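Structure file run.csv (CSV, C-alpha atoms) is printed below.
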```csv
chain,number,residue,atom,x,y,z
I,3,ARG,CA,-0.4,-4.9,-7.3
I,4,PRO,CA,2.3,-7.5,-7.4
I,5,GLY,CA,3.5,-8.1,-10.9
I,6,TRP,CA,1.9,-4.8,-12.3
I,7,GLN,CA,4.1,-2.7,-14.5
I,8,LEU,CA,3.8,0.7,-16.0
I,9,PRO,CA,2.4,0.6,-19.5
I,10,ASP,CA,4.9,1.3,-22.2
I,11,SER,CA,2.5,2.1,-25.0
I,12,GLY,CA,-0.9,3.7,-25.4
I,13,PRO,CA,-2.6,6.8,-24.1
I,14,VAL,CA,-1.7,6.1,-20.4
I,15,ALA,CA,1.9,5.6,-21.2
I,16,GLN,CA,2.0,8.8,-23.2
I,17,TRP,CA,0.3,10.8,-20.4
I,18,LEU,CA,2.9,9.3,-17.9
I,19,ARG,CA,5.8,10.3,-20.1
I,20,GLU,CA,4.5,13.9,-20.2
I,21,HIS,CA,3.7,14.2,-16.5
I,22,ARG,CA,5.9,11.8,-14.6
I,23,LEU,CA,8.5,13.2,-12.2
I,24,LEU,CA,11.6,11.3,-11.3
I,25,ASP,CA,12.5,13.3,-8.2
I,26,SER,CA,10.1,13.6,-5.3
I,27,ARG,CA,11.4,17.0,-4.4
I,28,GLU,CA,9.9,18.3,-7.6
I,29,LEU,CA,6.4,17.7,-6.3
I,30,HIS,CA,6.8,20.6,-3.9
I,31,ARG,CA,7.8,22.9,-6.8
I,32,ARG,CA,4.8,22.1,-9.0
I,33,ALA,CA,1.2,23.3,-8.4
I,34,CYS,CA,-0.4,20.3,-10.0
I,35,GLY,CA,-0.5,18.0,-13.0
I,36,SER,CA,2.5,15.8,-12.1
I,37,ILE,CA,2.7,12.2,-10.9
I,38,LEU,CA,5.5,10.5,-9.0
I,39,VAL,CA,5.5,6.7,-9.3
I,40,GLU,CA,7.0,4.9,-6.4
I,41,GLU,CA,7.8,1.2,-6.4
I,42,LEU,CA,7.0,-0.5,-3.2
I,43,ARG,CA,7.8,-4.0,-2.0
I,44,PRO,CA,4.5,-5.6,-0.9
I,45,LEU,CA,4.5,-7.4,2.4
I,46,ALA,CA,3.4,-11.0,2.3
I,47,ILE,CA,0.6,-10.6,4.7
I,48,SER,CA,-2.4,-12.9,4.6
I,49,SER,CA,-5.7,-12.0,6.2
I,50,THR,CA,-6.3,-15.7,6.9
I,51,GLU,CA,-2.9,-15.8,8.7
I,52,ILE,CA,-3.8,-12.8,10.8
I,53,ARG,CA,-7.1,-14.3,11.8
I,54,GLU,CA,-5.4,-17.6,12.7
I,55,LEU,CA,-2.8,-15.8,14.8
I,56,LEU,CA,-5.5,-13.8,16.7
I,57,ALA,CA,-7.6,-16.9,17.2
I,58,ALA,CA,-4.6,-18.7,18.7
I,59,GLY,CA,-4.1,-15.8,21.1
I,60,ARG,CA,-0.9,-14.7,19.4
I,61,SER,CA,0.1,-11.1,18.5
I,62,ALA,CA,-0.6,-9.6,15.1
I,63,ARG,CA,0.9,-6.3,16.3
I,64,TYR,CA,3.2,-5.7,13.4
I,65,LEU,CA,0.8,-6.9,10.7
I,66,LEU,CA,-2.0,-4.4,11.3
I,67,PRO,CA,-2.3,-0.7,11.9
I,68,GLN,CA,-2.7,-0.1,15.6
I,69,VAL,CA,-6.2,1.4,15.3
I,70,VAL,CA,-7.4,-1.8,13.5
I,71,LEU,CA,-5.8,-4.1,16.2
I,72,GLU,CA,-7.5,-2.0,18.9
I,73,TYR,CA,-10.9,-2.3,17.2
I,74,ILE,CA,-10.4,-6.1,16.9
I,75,GLN,CA,-9.5,-6.3,20.6
I,76,ALA,CA,-12.3,-4.0,21.7
I,77,HIS,CA,-14.9,-6.1,19.9
I,78,ASN,CA,-13.4,-9.5,20.8
I,79,LEU,CA,-13.1,-10.5,17.1
I,80,TYR,CA,-11.4,-13.6,15.9
I,81,GLN,CA,-11.2,-15.3,19.3
```

Would you encode the structure as structure tokens?
Amino acid sequence: RPGWQLPDSGPVAQWLREHRLLDSRELHRRACGSILVEELRPLAISSTEIRELLAAGRSARYLLPQVVLEYIQAHNLYQ
């Protein structure tokens, strides 16, 4: 979620300190019990904007997974 940060105190923070990996290659070397935290930059995509694009006959190709776009087109949604 935008603005969310890892906790720095409490039981969750302690568990993360004990189980967190800093290198993704380590995941392949461990059977279980580890976590890798990745920071992702969220895309500014609005479902309202997607519906408006589709209703106007414009493409939302790069805003949706292909299978979702195909479903919308097959069922004539948002037209």

Just want the 12 Å neighbourhood of Leu79 in chain I, counted on only C-alpha atoms, with same-chain residues fewer than 6 positions away dropped. Output as a ChimeraX atom specification. /I:52-59,70-73

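Computed from the coordinates, the CA of Leu66 in chain I to CA of Ser26 in chain I distance equals 27.3 Å.
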
Option closest in space to Glu41 in chain I, from I:Ala62, I:Val69, I:Ala15, I:Leu8 [counting only C-alpha atoms]: I:Leu8

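CA of Trp17 in chain I lies 12.9 Å from CA of Val39 in chain I.
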
Protein, DNA and RNA residues within 12 Å of (9.8, 1.4, -16.8), only C-alpha atoms, as a list in words: Trp6, Gln7, Leu8, Pro9, Asp10, Ser11, Ala15, Leu18, Arg19, Arg22, Leu24, Val39, Glu40 and Glu41 of chain I

Length of the CA of Ile74 in chain I to CA of Arg43 in chain I vector [Å]: 26.3 Å

Under the rule that all atoms listed in the file are counted, which of I:His77, I:Ile47, I:Leu42, I:Val14 is the nearest residue to Tyr64 in chain I? I:Ile47

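Residue nearest Gln81 in chain I, chosen from I:Gln68, I:Leu38, I:Glu20, I:Arg60 and counting all atoms listed in the file: I:Arg60.
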